[in-house]
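my_file.txt (compact mmCIF, C-alpha atoms)
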# COMPACT_ATOMS: atom_id res chain seq x y z
CA MET A 31 -21.94 -149.95 219.27
CA VAL A 32 -23.29 -151.60 216.13
CA GLY A 33 -22.46 -155.28 215.77
CA LEU A 34 -23.05 -157.89 213.13
CA GLN A 35 -26.44 -158.83 214.53
CA HIS A 36 -27.79 -155.31 214.01
CA TYR A 37 -27.07 -155.56 210.30
CA LEU A 38 -28.53 -159.07 210.15
CA ILE A 39 -31.73 -157.99 211.90
CA LEU A 40 -32.07 -155.02 209.52
CA ALA A 41 -31.65 -157.37 206.56
CA ALA A 42 -34.16 -159.84 208.06
CA ALA A 43 -36.70 -157.01 208.44
CA ILE A 44 -36.25 -155.91 204.81
CA PHE A 45 -36.47 -159.54 203.65
CA SER A 46 -39.74 -160.09 205.53
CA ILE A 47 -41.23 -156.87 204.15
CA GLY A 48 -40.23 -157.95 200.64
CA LEU A 49 -41.82 -161.37 201.24
CA PHE A 50 -45.01 -159.61 202.34
CA GLY A 51 -44.96 -157.62 199.10
CA VAL A 52 -44.46 -160.73 196.98
CA MET A 53 -47.39 -162.48 198.66
CA THR A 54 -49.87 -159.59 198.63
CA ARG A 55 -49.27 -157.59 195.45
CA ARG A 56 -51.72 -158.18 192.60
CA ASN A 57 -49.59 -156.51 189.97
CA THR A 58 -46.75 -158.57 188.51
CA ILE A 59 -44.42 -155.56 188.54
CA GLY A 60 -45.24 -155.10 192.23
CA ILE A 61 -44.22 -158.72 192.86
CA LEU A 62 -40.93 -158.04 191.08
CA LEU A 63 -40.36 -155.00 193.34
CA GLY A 64 -40.81 -157.27 196.37
CA ILE A 65 -38.25 -159.70 194.95
CA GLU A 66 -35.81 -156.79 194.49
CA LEU A 67 -36.23 -155.90 198.17
CA MET A 68 -35.51 -159.49 199.21
CA MET A 69 -32.38 -159.62 197.01
CA ASN A 70 -31.27 -156.37 198.58
CA ALA A 71 -31.56 -157.84 202.06
CA VAL A 72 -29.38 -160.76 200.98
CA ASN A 73 -26.73 -158.33 199.68
CA ILE A 74 -26.67 -156.49 203.04
CA ASN A 75 -26.15 -159.85 204.77
CA LEU A 76 -23.26 -160.82 202.48
CA VAL A 77 -21.43 -157.50 202.89
CA ALA A 78 -21.97 -157.46 206.68
CA PHE A 79 -20.62 -161.01 207.05
CA ALA A 80 -17.62 -160.16 204.83
CA ARG A 81 -16.80 -157.05 206.87
CA TYR A 82 -17.16 -158.67 210.29
CA SER A 83 -15.21 -161.79 209.34
CA GLY A 84 -12.40 -159.79 207.71
CA GLN A 85 -12.51 -161.64 204.40
CA ALA A 86 -13.16 -159.92 201.07
CA ALA A 87 -14.71 -163.03 199.45
CA GLY A 88 -18.21 -162.11 200.62
CA MET A 89 -17.97 -158.81 198.80
CA VAL A 90 -16.95 -160.62 195.60
CA PHE A 91 -20.15 -162.65 195.89
CA THR A 92 -22.11 -159.44 196.42
CA VAL A 93 -20.80 -158.19 193.07
CA PHE A 94 -22.04 -161.45 191.53
CA THR A 95 -25.47 -161.32 193.18
CA ILE A 96 -25.95 -157.68 192.14
CA CYS A 97 -25.24 -158.61 188.50
CA ILE A 98 -27.52 -161.68 188.67
CA THR A 99 -30.29 -159.54 190.16
CA VAL A 100 -29.98 -157.05 187.32
CA ALA A 101 -30.22 -159.87 184.74
CA GLU A 102 -33.20 -161.30 186.61
CA ALA A 103 -34.98 -157.94 186.69
CA ALA A 104 -34.35 -157.33 182.98
CA LEU A 105 -35.70 -160.77 182.04
CA GLY A 106 -38.63 -160.53 184.47
CA LEU A 107 -39.72 -157.19 183.05
CA ALA A 108 -39.34 -158.51 179.49
CA ILE A 109 -41.66 -161.40 180.45
CA VAL A 110 -44.11 -158.91 182.01
CA ILE A 111 -44.17 -156.86 178.80
CA LEU A 112 -44.68 -160.02 176.74
CA LEU A 113 -47.52 -161.13 179.06
CA PHE A 114 -49.14 -157.74 178.70
CA ARG A 115 -48.92 -158.02 174.93
CA VAL A 116 -50.58 -161.46 174.93
CA ARG A 117 -53.13 -161.10 177.77
CA LYS A 118 -53.57 -157.28 177.97
CA THR A 119 -53.15 -157.44 181.75
CA VAL A 120 -50.35 -157.81 184.29
CA MET A 121 -52.55 -158.63 187.30
CA ALA A 122 -51.25 -161.89 188.72
CA ASP A 123 -54.72 -163.29 189.54
CA HIS A 124 -55.82 -162.90 185.90
CA LEU A 125 -52.79 -164.78 184.59
CA ASP A 126 -54.24 -168.27 185.01
CA LEU A 127 -53.21 -169.61 181.61
CA LEU A 128 -51.79 -172.82 183.11
CA LYS A 129 -54.91 -173.60 185.16
CA GLY A 130 -56.33 -176.92 183.93
CA MET B 1229 -20.83 -143.12 218.14
CA LEU B 1230 -21.42 -141.37 214.80
CA HIS B 1231 -21.50 -144.79 213.18
CA THR B 1232 -24.33 -145.88 215.48
CA VAL B 1233 -26.36 -142.74 214.75
CA PHE B 1234 -25.95 -143.18 210.99
CA PHE B 1235 -26.82 -146.88 211.21
CA TYR B 1236 -30.12 -146.28 213.00
CA LEU B 1237 -30.95 -143.39 210.68
CA LEU B 1238 -30.35 -145.56 207.61
CA ALA B 1239 -32.22 -148.49 209.18
CA ALA B 1240 -35.26 -146.27 209.79
CA ILE B 1241 -35.14 -144.95 206.21
CA LEU B 1242 -34.79 -148.48 204.81
CA VAL B 1243 -37.62 -150.02 206.83
CA VAL B 1244 -40.02 -147.12 206.17
CA SER B 1245 -39.30 -147.08 202.44
CA ALA B 1246 -39.52 -150.89 202.19
CA ILE B 1247 -42.95 -150.83 203.85
CA ALA B 1248 -43.99 -148.05 201.47
CA VAL B 1249 -42.80 -150.14 198.50
CA THR B 1250 -45.08 -153.01 199.47
CA THR B 1251 -48.13 -151.02 200.57
CA SER B 1252 -48.40 -147.88 198.43
CA LYS B 1253 -51.49 -147.83 196.24
CA ASN B 1254 -49.87 -146.26 193.21
CA LEU B 1255 -47.31 -148.56 191.60
CA PHE B 1256 -45.27 -145.62 190.34
CA HIS B 1257 -44.90 -144.31 193.90
CA ALA B 1258 -43.81 -147.79 194.94
CA VAL B 1259 -40.96 -147.65 192.41
CA LEU B 1260 -39.84 -144.25 193.74
CA TRP B 1261 -39.86 -145.66 197.29
CA LEU B 1262 -37.81 -148.60 196.00
CA ALA B 1263 -35.26 -146.11 194.64
CA LEU B 1264 -35.00 -144.62 198.15
CA ALA B 1265 -34.60 -148.10 199.66
CA LEU B 1266 -31.84 -149.03 197.20
CA THR B 1267 -30.02 -145.75 197.82
CA GLY B 1268 -30.28 -146.39 201.56
CA THR B 1269 -28.73 -149.80 201.00
CA ALA B 1270 -25.82 -148.07 199.26
CA GLY B 1271 -25.47 -146.02 202.45
CA VAL B 1272 -25.37 -149.24 204.51
CA PHE B 1273 -22.61 -150.51 202.21
CA LEU B 1274 -20.67 -147.28 202.90
CA LEU B 1275 -21.05 -147.92 206.65
CA LEU B 1276 -19.54 -151.37 206.04
CA ASP B 1277 -16.49 -149.79 204.31
CA ALA B 1278 -17.52 -151.17 200.88
CA GLU B 1279 -17.26 -148.01 198.79
CA PHE B 1280 -17.01 -149.85 195.48
CA LEU B 1281 -20.15 -151.88 196.18
CA ALA B 1282 -22.00 -148.71 197.14
CA ALA B 1283 -21.08 -147.22 193.75
CA VAL B 1284 -22.13 -150.41 191.93
CA GLN B 1285 -25.39 -150.43 193.89
CA LEU B 1286 -26.17 -146.85 192.90
CA LEU B 1287 -25.25 -147.37 189.24
CA LEU B 1288 -26.93 -150.73 188.62
CA TYR B 1289 -29.92 -150.63 190.96
CA ALA B 1290 -30.86 -147.03 191.51
CA GLY B 1291 -29.82 -146.14 187.96
CA GLY B 1292 -30.57 -149.23 185.89
CA ILE B 1293 -33.36 -151.20 187.52
CA ILE B 1294 -35.46 -148.18 188.48
CA THR B 1295 -35.30 -146.94 184.89
CA ILE B 1296 -36.42 -150.21 183.33
CA VAL B 1297 -39.16 -150.73 185.94
CA VAL B 1298 -40.49 -147.24 185.17
CA PHE B 1299 -40.46 -148.09 181.47
CA ALA B 1300 -42.31 -151.36 182.14
CA ILE B 1301 -44.96 -149.48 184.14
CA VAL B 1302 -45.36 -146.90 181.40
CA VAL B 1303 -45.84 -149.67 178.84
CA THR B 1304 -48.23 -151.86 180.84
CA GLU B 1305 -50.26 -149.48 183.02
CA ARG B 1306 -52.89 -146.91 182.38
CA LEU B 1307 -51.69 -144.47 185.02
CA VAL B 1308 -54.71 -142.20 184.73
CA GLY B 1309 -58.25 -143.38 185.33
CA GLU B 1310 -57.81 -146.96 186.45
CA ARG B 1311 -57.82 -147.25 190.24
CA LEU B 1312 -57.69 -150.95 190.94
CA THR B 1313 -56.77 -152.07 194.41
CA GLN B 1314 -53.15 -153.18 194.35
CA THR B 1315 -53.29 -155.84 197.04
CA ASN B 1316 -55.06 -159.18 196.91
CA MET B 1317 -57.33 -160.80 199.50
CA ARG B 1318 -54.46 -162.59 201.22
CA ILE B 1319 -53.17 -159.50 203.06
CA GLY B 1320 -53.84 -160.92 206.55
CA GLY B 1321 -52.18 -164.24 205.81
CA GLY B 1322 -49.26 -162.52 204.09
CA ALA B 1323 -48.70 -160.23 207.08
CA LEU B 1324 -48.88 -163.22 209.46
CA ILE B 1325 -46.34 -165.26 207.47
CA SER B 1326 -43.97 -162.26 207.21
CA VAL B 1327 -44.16 -161.50 210.94
CA VAL B 1328 -43.59 -165.17 211.84
CA MET B 1329 -40.64 -165.28 209.41
CA LEU B 1330 -39.16 -162.11 210.93
CA GLY B 1331 -39.62 -163.41 214.47
CA PHE B 1332 -37.96 -166.69 213.59
CA LEU B 1333 -34.99 -164.96 211.91
CA VAL B 1334 -34.49 -162.48 214.77
CA ARG B 1335 -34.67 -165.32 217.28
CA VAL B 1336 -31.97 -167.26 215.41
CA ILE B 1337 -29.77 -164.15 215.03
CA LEU B 1338 -30.02 -163.20 218.72
CA TYR B 1339 -29.40 -166.78 219.84
CA ARG B 1340 -26.01 -166.99 218.08
CA PRO B 1341 -22.83 -165.40 219.41
CA LEU B 1342 -21.92 -162.89 216.69
CA PRO B 1343 -18.91 -160.55 216.61
CA PHE B 1344 -19.20 -156.90 217.64
CA GLU B 1345 -15.69 -155.88 216.63
CA ARG B 1346 -14.56 -155.41 213.05
CA PRO B 1347 -11.23 -157.01 212.22
CA ASP B 1348 -8.70 -154.99 210.26
CA MET B 1349 -9.08 -155.80 206.59
CA GLY B 1350 -5.37 -155.17 205.98
CA GLY B 1351 -5.43 -152.82 203.03
CA ASP B 1352 -7.80 -151.13 200.63
CA LEU B 1353 -11.03 -153.12 200.22
CA THR B 1354 -11.60 -152.08 196.61
CA GLU B 1355 -8.10 -153.22 195.71
CA MET B 1356 -8.64 -156.57 197.48
CA LEU B 1357 -11.97 -156.96 195.69
CA GLY B 1358 -10.38 -156.36 192.30
CA MET B 1359 -7.56 -158.80 193.05
CA ALA B 1360 -10.02 -161.49 194.17
CA VAL B 1361 -12.24 -161.07 191.09
CA ALA B 1362 -9.28 -161.19 188.71
CA THR B 1363 -7.48 -164.16 190.28
CA ARG B 1364 -9.34 -166.65 192.47
CA TYR B 1365 -12.89 -165.89 191.28
CA VAL B 1366 -12.09 -165.32 187.61
CA LEU B 1367 -14.14 -168.34 186.44
CA PRO B 1368 -17.41 -167.26 188.12
CA PHE B 1369 -16.70 -163.78 186.77
CA GLU B 1370 -16.51 -165.11 183.20
CA LEU B 1371 -19.65 -167.21 183.78
CA LEU B 1372 -21.34 -164.03 184.92
CA ALA B 1373 -20.43 -162.38 181.61
CA LEU B 1374 -22.05 -165.35 179.84
CA LEU B 1375 -25.16 -164.97 182.03
CA MET B 1376 -25.41 -161.28 181.20
CA LEU B 1377 -25.15 -162.07 177.50
CA ALA B 1378 -27.83 -164.76 177.76
CA GLY B 1379 -30.05 -162.44 179.78
CA MET B 1380 -29.66 -159.66 177.25
CA LEU B 1381 -30.43 -161.96 174.33
CA GLY B 1382 -33.44 -163.37 176.18
CA ALA B 1383 -34.79 -159.92 176.99
CA ILE B 1384 -34.40 -158.81 173.37
CA TYR B 1385 -36.10 -162.00 172.16
CA PHE B 1386 -39.05 -161.65 174.54
CA ALA B 1387 -39.59 -157.97 173.86
CA ARG B 1388 -39.16 -158.17 170.07
CA PRO B 1389 -41.72 -156.38 167.90
CA GLU B 1390 -44.56 -158.55 166.67
CA ASP B 1391 -44.01 -159.88 163.19
Encoded form (structure tokens):
Amino acid sequence: MVGLQHYLILAAAIFSIGLFGVMTRRNTIGILLGIELMMNAVNINLVAFARYSGQAAGMVFTVFTICITVAEAALGLAIVILLFRVRKTVMADHLDLLKG
Amino acid sequence: MLHTVFFYLLAAILVVSAIAVTTSKNLFHAVLWLALALTGTAGVFLLLDAEFLAAVQLLLYAGGIITIVVFAIVVTERLVGERLTQTNMRIGGGALISVVMLGFLVRVILYRPLPFERPDMGGDLTEMLGMAVATRYVLPFELLALLMLAGMLGAIYFARPED
């Protein structure tokens, strides 16, 4: 039998893997992919909680988070393209413009 | 019983593809693995009786985000020739922090009494979702439309041709 905690542990695993990607990727697009994974884990949590508590409100918030994630990805990739145009690289460790 | 089998199958697919997203050397392969992970998440939504969310997930993530990420890679990467290592020097520390984070989360989840049984939702979930969005949550919904507009304008502004 699959209970709520199974879904939560699955989401926690995906979240941790996404965190690992965010911390270790050198490419800015790779970091964005890690953030997408983490957002995805949050969505699984929201839907699982909504289903096991019998209230549809959690699913409404999942609709919202999915839309916000899409806006975030579109803006993030636009910034990456702009960075590439200015610095000719998207490697995070070369983007030290703000270093004093 | 079938539900359990499908859950563990999807969980295995999700974890394997998520690890591949973070570790694969070629960024383009990582995006394809991400597409698999997002599709698997749509399957998890189906297991949780959220058919509408599964459709939204497939359309927006697997359709939309994958496409724009592929475009961004095409614009910013030289796919042939350049073979830079994709991970930085912090791989040990990153793995340690992730494992500690996972252990902490699993510990908290297992410590709490959580329900095993699913209550009856009392009707069609998609219908309930639509009713909730159009009545009680109509203000956040409109704000979301504003956010999408702002995001679109921002993306167009950032990616405008050089003048």
Worksheet item: From the set A:Leu63, A:Leu49, A:Ala122, A:Leu128, which residue has the shortest atom-to-atom contact distance to Leu1260 (chain B), counting only C-alpha atoms?
Response: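 Closest to Leu1260 (chain B), using only C-alpha atoms: A:Leu63.
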Discussion item. Which residue is closest to Met53 (chain A)? Choose from A:Ala103, A:Ile65, A:Leu113, A:Ala108 and count all atoms listed in the file.
Written reply: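 Closest residue, counting all atoms listed in the file: A:Ile65.
Residue nearest Trp1261 (chain B), chosen from B:Ala1239, B:Phe1299, B:Val1233, B:Ala1290 and counting all atoms listed in the file: B:Ala1290.
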Item to complete: Tell me which of A:Arg115, A:Ala71, A:Ala41, A:Leu105 sits closest to chain B, counting all atoms listed in the file.
Response: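 The answer is A:Leu105, which sits nearest to chain B.
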Item to complete: Tell me which of B:Tyr1289, B:Phe1256, B:Phe1344, B:Tyr1339 sits closest to Ile98 (chain A), counting all atoms listed in the file.
Response: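 The closest residue to Ile98 (chain A) is B:Tyr1289.
Remark: for chain A, the closest of the candidate residues B:Gly1291, B:Val1243, B:Leu1264, B:Val1366 is B:Val1243 (distances computed over all atoms listed in the file).
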Worksheet item: In Å to one decimal, how far is CA of Ala1278 (chain B) from CA of Ser1245 (chain B)?
Response: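 Computing it gives 22.2 Å between the two atoms.
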Worksheet entry | Ala43 (chain A) surroundings by all atoms listed in the file, 12 Å radius, close-in-sequence under 6 positions cut, as a list in words |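 The residues satisfying every condition are His36, Tyr37, Leu49, Phe50, Leu67, Met68, Asn70, Ala71, Val72, Ile74 and Asn75 of chain A; Ala1239, Ala1240, Leu1242, Val1243, Val1244, Ser1245, Ala1246, Ile1247, Ser1326, Val1327, Val1328, Met1329, Leu1330, Gly1331, Phe1332, Leu1333, Val1334 and Ile1337 of chain B.
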Hey, could you pull the box centre and edge lengths for region 1282-1287 of chain B, axis-aligned, 6 Å padding per side, all listed atoms, to one decimal in Å, as lines of an AutoDock Vina configuration file?
center_x = -23.6
center_y = -148.6
center_z = 193.2
size_x = 17.1
size_y = 15.6
size_z = 19.9
Fill in: Atomic distance CA of Phe1234 (chain B) - CA of Leu1275 (chain B), expressed in Å with one decimal
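If I compute the distance from CA of Phe1234 (chain B) to CA of Leu1275 (chain B), I get 8.1 Å.
Using only C-alpha atoms, the residues found no farther than 12 Å from Gly1382 (chain B), other than those of its own chain fewer than 6 positions away, are A:Ala101, A:Glu102, A:Ala103, A:Ala104, A:Leu105, A:Gly106, A:Leu107, A:Ala108, A:Ile109, A:Leu112, B:Leu1375, B:Met1376, B:Arg1388.
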Item to complete: Please identify all polymer residues within 12 Å of Leu1374 (chain B), counting all atoms listed in the file, omitting same-chain residues fewer than 6 positions from it, and present them as a list in words.
Response: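 Contacts, in chain order: Cys97, Ile98 and Ala101 of chain A; Leu1367, Pro1368, Met1380 and Leu1381 of chain B.
Around Glu1345 (chain B), within 10 Å and counting all atoms listed in the file, the residues found are Met31, Val32, Gly33, Leu34, Arg81, Tyr82 and Ser83 of chain A; Leu1342 and Asp1348 of chain B, once anything fewer than 3 positions away on its own chain is removed.
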Practice prompt. Please indicate the distance in Å from CA of Val1298 (chain B) to CA of Ala1283 (chain B), rounded to one decimal place.
Written response: 21.2 Å
